[in-house]
file structure.txt (compact mmCIF, C-alpha atoms and all ligand atoms)
# COMPACT_ATOMS: atom_id res chain seq x y z
CA MET H 9 -41.78 -4.94 24.42
CA THR H 10 -40.02 -5.21 27.73
CA GLY H 11 -43.23 -5.41 29.78
CA GLY H 12 -42.86 -5.23 33.54
CA SER H 13 -39.76 -4.75 35.64
CA THR H 14 -39.21 -8.52 36.06
CA SER H 15 -38.95 -8.85 32.32
CA GLY H 16 -36.62 -5.83 32.19
CA LEU H 17 -34.37 -7.41 34.82
CA ARG H 18 -34.34 -10.69 32.91
CA ARG H 19 -33.28 -8.88 29.77
CA ARG H 20 -30.55 -7.04 31.62
CA ASN H 21 -29.15 -10.19 33.22
CA ARG H 22 -29.33 -12.12 29.96
CA ASP H 23 -27.42 -9.32 28.25
CA ILE H 24 -24.76 -9.38 30.98
CA VAL H 25 -24.24 -13.14 30.59
CA LEU H 26 -24.17 -13.02 26.79
CA ARG H 27 -21.69 -10.14 26.78
CA THR H 28 -19.48 -11.94 29.27
CA ILE H 29 -19.33 -14.98 27.00
CA ALA H 30 -18.86 -12.83 23.88
CA SER H 31 -16.07 -10.72 25.28
CA GLY H 32 -14.28 -13.21 27.51
CA GLY H 33 -15.11 -16.65 26.10
CA PRO H 34 -14.73 -19.51 26.31
CA VAL H 35 -15.72 -19.21 29.96
CA SER H 36 -17.26 -21.53 32.52
CA ARG H 37 -20.53 -20.85 34.33
CA THR H 38 -18.54 -20.34 37.53
CA GLN H 39 -16.38 -17.70 35.86
CA ILE H 40 -19.47 -15.94 34.48
CA ALA H 41 -21.01 -15.83 37.96
CA ARG H 42 -17.78 -14.46 39.44
CA ARG H 43 -17.37 -11.78 36.75
CA SER H 44 -21.02 -10.70 36.60
CA GLY H 45 -22.00 -10.87 40.25
CA LEU H 46 -25.04 -12.99 39.35
CA THR H 47 -25.86 -16.11 41.38
CA GLY H 48 -24.83 -19.53 40.07
CA ALA H 49 -28.50 -20.49 39.74
CA ALA H 50 -29.29 -17.40 37.66
CA VAL H 51 -26.28 -18.04 35.40
CA SER H 52 -27.32 -21.68 34.93
CA ARG H 53 -30.89 -20.71 34.02
CA ILE H 54 -29.80 -17.97 31.58
CA THR H 55 -27.09 -20.05 29.89
CA ARG H 56 -29.62 -22.88 29.42
CA GLU H 57 -31.93 -20.43 27.63
CA LEU H 58 -29.06 -19.13 25.45
CA ILE H 59 -27.95 -22.69 24.59
CA ASP H 60 -31.54 -23.67 23.70
CA VAL H 61 -31.78 -20.90 21.09
CA GLY H 62 -28.29 -21.63 19.69
CA LEU H 63 -26.60 -18.39 20.71
CA VAL H 64 -24.24 -20.26 23.05
CA GLU H 65 -22.63 -23.70 22.75
CA GLU H 66 -20.99 -25.97 25.28
CA GLY H 67 -17.36 -26.51 24.36
CA ALA H 68 -14.54 -28.55 25.86
CA SER H 69 -14.78 -29.54 29.50
CA ILE H 70 -11.89 -29.68 31.89
CA PRO H 71 -11.76 -31.71 35.13
CA LEU H 72 -11.92 -29.64 38.30
CA LYS H 73 -8.91 -30.07 40.53
CA GLY H 74 -9.60 -32.04 43.67
CA GLN H 75 -13.26 -32.69 42.83
CA VAL H 76 -13.56 -36.22 41.47
CA GLY H 77 -16.13 -36.57 38.72
CA ARG H 78 -16.89 -32.86 38.49
CA ARG H 79 -16.05 -31.07 35.30
CA ASN H 80 -16.04 -27.46 34.26
CA ILE H 81 -17.69 -26.90 30.88
CA ARG H 82 -16.58 -23.95 28.79
CA LEU H 83 -19.24 -21.90 27.05
CA GLU H 84 -18.67 -20.11 23.77
CA LEU H 85 -20.71 -18.34 21.13
CA GLY H 86 -22.47 -20.52 18.58
CA ASP H 87 -21.95 -19.58 14.95
CA LYS H 88 -25.56 -20.21 13.84
CA GLY H 89 -27.60 -18.71 16.68
CA ALA H 90 -28.26 -15.27 15.21
CA PHE H 91 -27.27 -13.33 12.13
CA VAL H 92 -27.20 -9.67 11.20
CA LEU H 93 -27.07 -7.71 7.98
CA GLY H 94 -24.47 -4.99 7.49
CA ILE H 95 -24.60 -2.16 4.97
CA ALA H 96 -21.56 0.03 4.38
CA LEU H 97 -22.35 3.28 2.63
CA THR H 98 -19.45 5.68 2.34
CA ALA H 99 -17.88 7.84 -0.33
CA ASN H 100 -15.95 4.84 -1.64
CA VAL H 101 -17.40 1.67 -0.07
CA ARG H 102 -20.88 0.35 -0.86
CA SER H 103 -21.39 -3.20 0.23
CA VAL H 104 -23.82 -5.57 1.91
CA SER H 105 -22.74 -8.36 4.27
CA ILE H 106 -24.23 -11.04 6.48
CA GLY H 107 -22.44 -11.80 9.73
CA ASN H 108 -22.91 -14.34 12.50
CA CYS H 109 -23.02 -13.48 16.18
CA ARG H 110 -19.24 -13.98 16.46
CA GLY H 111 -18.82 -11.04 14.08
CA GLU H 112 -17.61 -13.32 11.29
CA ILE H 113 -18.75 -12.30 7.81
CA VAL H 114 -20.41 -15.31 6.18
CA SER H 115 -21.29 -13.68 2.86
CA GLN H 116 -20.68 -10.36 1.25
CA ARG H 117 -21.26 -8.44 -1.93
CA LYS H 118 -19.75 -5.21 -3.21
CA VAL H 119 -22.51 -3.15 -4.78
CA THR H 120 -21.26 -1.46 -7.93
CA GLY H 121 -22.92 1.21 -10.02
CA VAL H 122 -24.80 2.75 -7.09
CA ASN H 123 -26.41 5.98 -8.26
CA MET H 124 -25.20 8.33 -5.54
CA GLU H 125 -26.70 11.33 -7.40
CA GLN H 126 -30.19 9.99 -6.61
CA PRO H 127 -30.46 8.98 -2.92
CA GLU H 128 -33.82 7.19 -3.33
CA GLU H 129 -32.35 5.14 -6.15
CA ALA H 130 -29.14 4.40 -4.21
CA ILE H 131 -31.16 3.16 -1.23
CA ARG H 132 -33.33 1.03 -3.53
CA GLN H 133 -30.22 -0.50 -5.16
CA LEU H 134 -28.60 -1.32 -1.81
CA THR H 135 -31.86 -2.76 -0.45
CA LYS H 136 -32.24 -4.94 -3.53
CA ALA H 137 -28.62 -6.14 -3.24
CA ALA H 138 -29.17 -6.96 0.45
CA LEU H 139 -32.37 -8.94 -0.25
CA GLU H 140 -30.59 -10.86 -3.01
CA LEU H 141 -27.66 -11.63 -0.71
CA ILE H 142 -30.07 -12.91 1.97
CA ALA H 143 -31.77 -15.14 -0.63
CA ASP H 144 -28.47 -16.45 -2.03
CA THR H 145 -26.74 -17.18 1.29
CA ASP H 146 -27.03 -20.61 2.86
CA PHE H 147 -28.25 -19.73 6.35
CA ASP H 148 -31.42 -19.71 8.46
CA SER H 149 -32.80 -16.29 7.50
CA SER H 150 -35.46 -16.49 10.24
CA ARG H 151 -32.49 -15.87 12.58
CA LEU H 152 -31.67 -12.55 10.95
CA VAL H 153 -32.33 -10.10 13.79
CA GLY H 154 -31.39 -6.68 12.45
CA CYS H 155 -29.30 -4.50 10.21
CA GLY H 156 -26.45 -2.04 10.86
CA VAL H 157 -25.70 0.80 8.47
CA SER H 158 -22.19 2.26 8.73
CA ILE H 159 -22.33 5.56 6.91
CA ALA H 160 -20.20 8.52 5.88
CA GLY H 161 -22.23 11.17 7.66
CA VAL H 162 -23.70 11.86 11.05
CA ALA H 163 -26.72 9.89 12.22
CA ASP H 164 -29.08 10.17 15.15
CA PRO H 165 -28.87 6.66 16.66
CA ASP H 166 -32.28 6.95 18.33
CA THR H 167 -34.26 7.75 15.19
CA GLY H 168 -31.95 6.30 12.53
CA ASP H 169 -32.16 9.61 10.72
CA LEU H 170 -29.21 10.73 8.68
CA VAL H 171 -28.73 14.26 9.95
CA ARG H 172 -25.52 15.43 8.26
CA PRO H 173 -24.95 13.52 5.06
CA HIS H 174 -22.76 16.07 3.30
CA HIS H 175 -19.94 13.56 2.68
CA LEU H 176 -22.36 11.75 0.40
CA GLY H 177 -23.73 14.94 -1.13
CA TRP H 178 -27.21 14.06 0.19
CA GLU H 179 -29.84 15.97 2.12
CA ALA H 180 -30.87 14.89 5.63
CA ARG H 181 -33.32 11.99 5.43
CA PRO H 182 -34.90 9.23 7.59
CA LEU H 183 -32.45 6.66 6.27
CA GLY H 184 -32.97 4.06 9.01
CA GLY H 185 -36.73 4.04 8.41
CA GLU H 186 -36.24 3.76 4.66
CA PHE H 187 -33.94 0.75 4.94
CA SER H 188 -36.14 -0.79 7.65
CA GLU H 189 -39.20 -0.62 5.42
CA GLY H 190 -37.41 -2.10 2.40
CA LEU H 191 -35.72 -4.88 4.36
CA SER H 192 -38.45 -5.62 6.94
CA LEU H 193 -35.73 -5.53 9.58
CA GLN H 194 -34.92 -3.27 12.53
CA VAL H 195 -32.08 -0.96 11.50
CA ARG H 196 -29.40 0.99 13.37
CA VAL H 197 -27.56 3.76 11.56
CA GLU H 198 -24.27 5.19 12.86
CA ALA H 199 -21.45 7.32 11.54
CA ARG H 200 -18.69 5.10 10.25
CA PRO H 201 -16.11 6.16 12.90
CA ILE H 202 -18.49 5.11 15.69
CA ALA H 203 -19.19 1.79 13.96
CA LEU H 204 -15.44 1.21 13.46
CA LEU H 205 -14.86 1.94 17.14
CA MET H 206 -17.55 -0.60 18.12
CA ALA H 207 -15.83 -3.22 15.97
CA GLU H 208 -12.47 -2.47 17.60
CA LEU H 209 -14.02 -2.65 21.07
CA TRP H 210 -15.55 -6.07 20.43
CA GLY H 211 -12.87 -7.97 18.65
CA GLY H 212 -10.01 -5.66 17.87
CA ALA H 213 -7.21 -3.66 19.39
CA ALA H 214 -9.52 -1.84 21.80
CA ALA H 215 -11.02 -4.98 23.37
CA GLY H 216 -11.41 -4.48 27.11
CA LEU H 217 -10.48 -0.77 27.00
CA ARG H 218 -12.74 2.06 28.20
CA ASN H 219 -11.01 5.22 26.92
CA VAL H 220 -10.38 5.17 23.18
CA MET H 221 -10.37 7.66 20.33
CA LEU H 222 -10.67 6.44 16.75
CA ILE H 223 -9.80 8.81 13.91
CA SER H 224 -11.14 7.67 10.57
CA ASN H 225 -9.30 9.05 7.57
CA GLY H 226 -10.23 8.02 4.06
CA ILE H 227 -11.24 10.90 1.82
CA TRP H 228 -12.71 12.70 4.81
CA ILE H 229 -11.60 12.85 8.42
CA GLY H 230 -14.02 11.81 11.11
CA GLY H 231 -13.70 10.38 14.57
CA ALA H 232 -15.35 8.77 17.57
CA ILE H 233 -14.55 9.00 21.26
CA MET H 234 -15.25 6.62 24.13
CA LEU H 235 -14.52 7.80 27.66
CA ASP H 236 -15.14 5.76 30.82
CA GLY H 237 -16.84 3.11 28.69
CA ILE H 238 -19.36 5.48 27.09
CA ILE H 239 -19.31 6.56 23.45
CA LEU H 240 -19.76 10.33 23.52
CA ARG H 241 -22.48 11.94 21.38
CA GLY H 242 -22.77 15.64 22.12
CA ARG H 243 -25.60 18.05 21.43
CA ASN H 244 -25.79 17.28 17.70
CA ASN H 245 -24.19 13.81 17.62
CA MET H 246 -21.08 15.60 16.42
CA VAL H 247 -18.47 14.56 19.00
CA GLY H 248 -15.38 13.35 17.14
CA GLN H 249 -16.31 15.02 13.85
CA ILE H 250 -13.06 16.91 13.47
CA PRO H 251 -12.49 17.69 9.76
CA HIS H 252 -12.40 21.43 10.42
CA MET H 253 -10.24 21.32 13.53
CA LYS H 254 -7.41 23.76 12.89
CA VAL H 255 -3.85 22.57 13.36
CA ALA H 256 -0.59 24.47 13.22
CA GLY H 257 1.97 24.28 10.46
CA SER H 258 0.13 24.71 7.18
CA GLU H 259 -1.42 27.56 5.23
CA ARG H 260 -3.41 25.27 3.00
CA ARG H 261 -6.99 26.44 2.52
CA CYS H 262 -9.91 24.11 3.26
CA ALA H 263 -13.08 23.85 1.17
CA CYS H 264 -14.85 25.55 4.09
CA GLY H 265 -12.78 28.70 3.51
CA ARG H 266 -10.59 28.50 6.61
CA VAL H 267 -6.88 27.79 6.61
CA GLY H 268 -5.20 24.79 8.24
CA CYS H 269 -8.26 22.53 8.78
CA LEU H 270 -7.35 18.87 9.30
CA ASN H 271 -9.30 17.92 6.21
CA ALA H 272 -7.16 20.27 4.12
CA VAL H 273 -3.77 19.28 5.56
CA ALA H 274 -4.02 15.72 6.90
CA SER H 275 -6.71 13.81 5.00
CA GLY H 276 -6.72 11.32 2.16
CA THR H 277 -7.82 14.22 -0.04
CA THR H 278 -4.59 16.04 0.90
CA VAL H 279 -2.59 12.97 -0.16
CA LEU H 280 -4.50 12.77 -3.46
CA GLU H 281 -3.79 16.44 -4.19
CA ASP H 282 -0.10 15.98 -3.45
CA LEU H 283 0.06 12.95 -5.74
CA ASP H 284 -2.04 14.34 -8.57
CA HIS H 285 0.96 13.98 -10.92
CA ILE H 286 1.33 10.22 -10.31
CA ARG H 287 -0.13 8.14 -13.14
CA LEU H 288 -1.37 4.71 -12.19
CA ARG H 289 -1.42 1.88 -14.66
CA GLY H 290 -4.74 0.95 -16.23
CA ALA H 291 -7.93 2.99 -16.16
CA ASP H 292 -6.55 5.64 -13.83
CA ARG H 293 -8.83 8.41 -15.03
CA GLN H 294 -11.96 6.43 -14.23
CA LEU H 295 -11.02 5.74 -10.61
CA GLU H 296 -13.15 7.38 -7.93
CA PRO H 297 -11.09 9.30 -5.34
CA GLY H 298 -11.42 6.59 -2.68
CA ASP H 299 -10.32 3.87 -5.07
CA ARG H 300 -7.39 5.94 -6.29
CA LEU H 301 -6.32 6.57 -2.70
CA GLN H 302 -6.45 2.83 -1.97
CA ALA H 303 -4.46 2.06 -5.12
CA LEU H 304 -1.79 4.62 -4.17
CA ALA H 305 -1.64 3.30 -0.60
CA LYS H 306 -0.71 -0.15 -1.92
CA LEU H 307 2.37 1.17 -3.79
CA ARG H 308 5.17 0.91 -1.25
CA GLY H 309 8.92 0.50 -1.30
CA PRO H 310 11.95 2.46 -2.53
CA GLU H 311 10.55 3.09 -6.04
CA HIS H 312 7.53 4.86 -4.55
CA THR H 313 9.16 7.34 -2.17
CA ALA H 314 7.00 10.24 -3.41
CA ILE H 315 3.89 8.33 -2.35
CA GLY H 316 5.30 7.44 1.05
CA ASP H 317 6.37 11.06 1.54
CA ALA H 318 2.85 12.35 0.82
CA PHE H 319 1.32 10.01 3.42
CA ARG H 320 4.04 10.91 5.93
CA SER H 321 3.55 14.65 5.38
CA ALA H 322 -0.22 14.37 5.98
CA GLY H 323 0.50 12.24 9.06
CA ARG H 324 2.81 14.92 10.47
CA HIS H 325 -0.11 17.39 10.43
CA MET H 326 -2.38 14.84 12.08
CA GLY H 327 0.29 14.47 14.77
CA TYR H 328 -0.64 17.93 16.13
CA ALA H 329 -4.26 16.87 16.53
CA VAL H 330 -3.27 13.55 18.13
CA ASP H 331 -1.04 15.45 20.58
CA SER H 332 -4.07 17.53 21.62
CA PHE H 333 -6.28 14.47 22.04
CA LEU H 334 -3.67 12.72 24.18
CA GLU H 335 -3.55 15.84 26.33
CA ILE H 336 -7.31 16.44 26.61
CA LEU H 337 -8.78 12.92 26.70
CA ASP H 338 -6.17 10.88 28.60
CA PRO H 339 -6.97 7.86 26.38
CA GLU H 340 -5.67 4.34 26.65
CA LEU H 341 -5.49 4.16 22.87
CA VAL H 342 -5.78 6.35 19.77
CA LEU H 343 -6.60 4.35 16.63
CA LEU H 344 -6.04 5.62 13.10
CA ALA H 345 -8.39 4.05 10.57
CA GLY H 346 -9.17 4.42 6.86
CA SER H 347 -6.92 3.94 3.85
CA ALA H 348 -4.92 7.11 4.63
CA GLY H 349 -4.92 6.82 8.42
CA ARG H 350 -3.71 3.23 8.60
CA HIS H 351 -0.85 3.71 6.11
CA PRO H 352 2.49 2.95 7.86
CA GLU H 353 4.09 6.18 6.58
CA TYR H 354 1.10 8.19 7.85
CA LEU H 355 1.53 6.67 11.31
CA ALA H 356 5.28 7.37 11.09
CA GLY H 357 4.45 11.03 10.36
CA VAL H 358 2.14 11.20 13.40
CA ARG H 359 4.94 9.75 15.56
CA GLU H 360 7.47 12.22 14.15
CA THR H 361 5.34 15.15 15.29
CA LEU H 362 4.68 13.58 18.70
CA ALA H 363 8.45 13.07 19.11
CA SER H 364 9.07 16.76 18.36
CA LEU H 365 6.29 17.96 20.69
CA ARG H 366 6.94 15.53 23.53
CA PRO H 367 10.70 15.21 23.91
CA GLY H 368 11.83 12.43 26.22
CA GLU H 369 8.79 10.28 25.46
CA ASP H 370 8.60 7.61 22.80
CA ASP H 371 5.78 5.34 23.89
CA TRP H 372 2.49 6.87 22.76
CA PRO H 373 -0.66 4.74 22.68
CA VAL H 374 -1.24 5.29 18.97
CA MET H 375 -1.74 2.54 16.41
CA ALA H 376 -3.41 1.68 13.11
CA SER H 377 -6.89 0.18 13.03
CA ILE H 378 -7.38 -2.67 10.59
CA VAL H 379 -11.14 -3.22 10.81
CA THR H 380 -13.08 -2.62 7.60
CA SER H 381 -16.30 -0.71 6.96
CA ASP H 382 -18.06 -4.04 6.34
CA GLN H 383 -16.99 -5.40 9.73
CA SER H 384 -18.04 -2.15 11.36
CA ALA H 385 -21.60 -2.46 9.98
CA ILE H 386 -21.83 -6.05 11.28
CA TRP H 387 -20.60 -5.16 14.78
CA LEU H 388 -22.90 -2.16 14.87
CA ALA H 389 -25.89 -4.46 14.27
CA LEU H 390 -24.64 -7.01 16.83
CA GLU H 391 -24.20 -4.28 19.43
CA ALA H 392 -27.73 -2.95 18.73
CA PHE H 393 -29.71 -6.17 18.36
CA VAL H 394 -27.79 -9.15 19.84
CA TYR H 395 -25.50 -7.91 22.63
CA SER H 396 -28.29 -5.74 23.80
CA GLN H 397 -31.22 -5.76 26.17
CA ASP H 398 -33.30 -5.40 23.00
CA LEU H 399 -32.35 -8.92 21.89
CA ASP H 400 -35.61 -10.54 20.78
CA ILE H 401 -35.05 -14.05 22.13
CA GLU H 402 -38.63 -15.04 21.22
CA GLN H 403 -37.73 -14.64 17.53
CA LEU H 404 -34.88 -17.13 18.00
CA LYS H 405 -37.08 -19.58 19.94
CA VAL H 406 -39.52 -19.75 17.04
CA ALA H 407 -36.73 -19.98 14.46
ZN ZN R 501 -12.43 23.45 6.99
call {"tool": "encode", "arguments": {"input": "structure.txt", "output": "structure tokens"}}
result
Amino acid sequence: MTGGSTSGLRRRNRDIVLRTIASGGPVSRTQIARRSGLTGAAVSRITRELIDVGLVEEGASIPLKGQVGRRNIRLELGDKGAFVLGIALTANVRSVSIGNCRGEIVSQRKVTGVNMEQPEEAIRQLTKAALELIADTDFDSSRLVGCGVSIAGVADPDTGDLVRPHHLGWEARPLGGEFSEGLSLQVRVEARPIALLMAELWGGAAAGLRNVMLISNGIWIGGAIMLDGIILRGRNNMVGQIPHMKVAGSERRCACGRVGCLNAVASGTTVLEDLDHIRLRGADRQLEPGDRLQALAKLRGPEHTAIGDAFRSAGRHMGYAVDSFLEILDPELVLLAGSAGRHPEYLAGVRETLASLRPGEDDWPVMASIVTSDQSAIWLALEAFVYSQDLDIEQLKVA
């Protein structure tokens, strides 16, 4: 509990210092004070507390010019101060990971044979796999502060409830509470595009930016939007969920009944339909759609032009949507994620359409995102429970 306002202020200032070190490190105490607006005394007191619990370490020191004997010590994140659990639960990725507070994955397990037909059973299997991973990993588990669940579906971040799980074929359910009970950890659930965007903002291509759209495109198309430093939610937590956005140039019918939806013309599913005739070596028939899409995406080069063409064609349709987002959102960056979205031919298709719609321009802020679902779950947990005013520093003092 935050208690009184003094305690709330302490938490806020601690969060500011920790975020400054996490996003800009290694940094000196003087630099932290300058960037945060806090006094030197406050920064010294807070960094001492963070060093004592292992979240921050003192690194190399450099002599200060013109000040004999005085040195400037750089502060950086420790790699054993706090840990988080990440669970990725999408149509084609089910995995559990443990990450340190630098966002580095220290152990990980793919969970196979998850019974997606039975949600209770799937949650039980993932919980069991996570508890086993915690037991088998060589780390101080008393420093495990929370869990992030990156999911194919729409979640309410305040309650942890899964509110639109149709990509998984599930009904709405209190997923965060269910995982929290099984794991005895605090849990944050977010739609995968939002979690991917958080990962990109912390350590990836979007670091330091404030206006970013991420379009996630595996089997389904989803998205997340940050404007002026705030991730947008909307009335139903549906901002960025764009599978049924209609784009010009195709008469293909979507599963929803309409014609020209992004999911019908520009998704990984579109690519799979176009490449239905391609036979892969091995147990092709047994592959789930997401795995087949990943296998196809790896086949590149002149002998696989049909595959490249299918990705490029889907990308051309996405180009119309990207053109609209550039126009409406004025973003610094649009990131394309997922095994379809990040394919080089897909990106080339997007650029082809932009070139046709925006003659005279050739420098659009559009690029592929390379963060994985596993990393997104880890960063989601770090954002919720470490780089947060909710950081429970007492837990780390006892640890
Ligand atoms: Zn549709």
call {"tool": "residues_near_ligand", "arguments": {"input": "structure.txt", "ligand": "ligand ZN 501 (chain R)", "cutoff": "6 Å", "atoms": "only C-alpha atoms and all ligand atoms", "output": "PyMOL selection string"}}
result
chain H and resi 252+262-264+266+269
call {"tool": "atom_distance", "arguments": {"input": "structure.txt", "atom1": "atom CA of H:Asp317", "atom2": "atom CA of H:Gly268"}}
result
19.2 Å
call {"tool": "residues_around", "arguments": {"input": "structure.txt", "residues": "stretch 130-147 of chain H", "least_positions_apart": "4", "cutoff": "9 Å", "atoms": "only C-alpha atoms", "output": "list of chain:residue names"}}
result
H:Lys88, H:Phe91, H:Leu93, H:Gly94, H:Ile95, H:Leu97, H:Arg102, H:Ser103, H:Val104, H:Ser105, H:Ile106, H:Val114, H:Ser115, H:Gln116, H:Arg117, H:Lys118, H:Val119, H:Gly121, H:Val122, H:Asn123, H:Met124, H:Glu125, H:Gln126, H:Arg151, H:Leu183, H:Glu186, H:Phe187, H:Gly190, H:Leu191
call {"tool": "closest_residue", "arguments": {"input": "structure.txt", "among": "H:Arg19, H:Arg366, H:Arg320, H:Arg218", "to": "H:Leu334", "atoms": "all atoms listed in the file"}}
result
H:Arg366
call {"tool": "residues_around", "arguments": {"input": "structure.txt", "residues": "H:Val247", "least_positions_apart": "2", "cutoff": "12 Å", "atoms": "all atoms listed in the file", "output": "list in words"}}
result
Val162, Ala163, Ala199, Pro201, Ile202, Met221, Leu222, Ile223, Gly230, Gly231, Ala232, Ile233, Met234, Leu235, Ile239, Leu240, Arg241, Gly242, Arg243, Asn244, Asn245, Gln249, Ile250, Pro251 and Met253 of chain H
call {"tool": "residues_near_point", "arguments": {"input": "structure.txt", "point": "(1.9, 23.5, 7.4)", "cutoff": "9 Å", "atoms": "all atoms listed in the file", "output": "list in words"}}
result
Val255, Ala256, Gly257, Ser258, Glu259, Arg260, Gly268, Val273 and His325 of chain H
call {"tool": "closest_residue", "arguments": {"input": "structure.txt", "among": "H:Gly48, H:Gly161, H:Pro297, H:Gly154", "to": "H:Trp178", "atoms": "only C-alpha atoms"}}
result
H:Gly161
call {"tool": "closest_residue", "arguments": {"input": "structure.txt", "among": "H:Leu17, H:Ala272, H:Leu46, H:Leu388", "to": "H:Ala203", "atoms": "only C-alpha atoms"}}
result
H:Leu388
call {"tool": "atom_distance", "arguments": {"input": "structure.txt", "atom1": "atom CA of H:Arg324", "atom2": "atom CA of H:Ser364"}}
result
10.2 Å
call {"tool": "axis_aligned_box", "arguments": {"input": "structure.txt", "around": "stretch 247-253 of chain H", "padding_each_side": "4 Å", "output": "lines of an AutoDock Vina configuration file"}}
result
center_x = -14.4
center_y = 17.4
center_z = 14.4
size_x = 16.2
size_y = 16.1
size_z = 17.2
call {"tool": "decode", "arguments": {"input": "structure.txt", "residues": "stretch 282-311 of chain H", "atoms": "C-alpha atoms", "output": "tab-separated table (two decimals), in the first residue's frame"}}
result
chain	number	residue	atom	x	y	z
H	282	ASP	CA	-2.14	-17.82	-51.28
H	283	LEU	CA	0.51	-20.47	-50.61
H	284	ASP	CA	-1.82	-23.36	-49.90
H	285	HIS	CA	-0.32	-25.24	-52.88
H	286	ILE	CA	3.25	-25.12	-51.51
H	287	ARG	CA	4.31	-28.40	-49.91
H	288	LEU	CA	6.90	-28.15	-47.19
H	289	ARG	CA	9.28	-30.96	-46.46
H	290	GLY	CA	8.56	-33.15	-43.44
H	291	ALA	CA	5.34	-33.29	-41.46
H	292	ASP	CA	3.70	-30.43	-43.32
H	293	ARG	CA	0.15	-31.57	-42.70
H	294	GLN	CA	0.60	-31.55	-38.94
H	295	LEU	CA	1.84	-27.96	-38.75
H	296	GLU	CA	-0.40	-25.44	-37.02
H	297	PRO	CA	-1.08	-22.32	-39.13
H	298	GLY	CA	1.36	-20.15	-37.16
H	299	ASP	CA	4.15	-22.70	-37.48
H	300	ARG	CA	3.50	-23.15	-41.19
H	301	LEU	CA	3.62	-19.37	-41.68
H	302	GLN	CA	6.96	-19.21	-39.85
H	303	ALA	CA	8.34	-22.09	-41.92
H	304	LEU	CA	7.26	-20.38	-45.16
H	305	ALA	CA	8.72	-17.05	-44.03
H	306	LYS	CA	12.14	-18.68	-43.67
H	307	LEU	CA	12.20	-19.84	-47.32
H	308	ARG	CA	13.81	-16.95	-49.19
H	309	GLY	CA	15.82	-16.48	-52.34
H	310	PRO	CA	15.31	-16.94	-56.10
H	311	GLU	CA	13.93	-20.50	-55.82
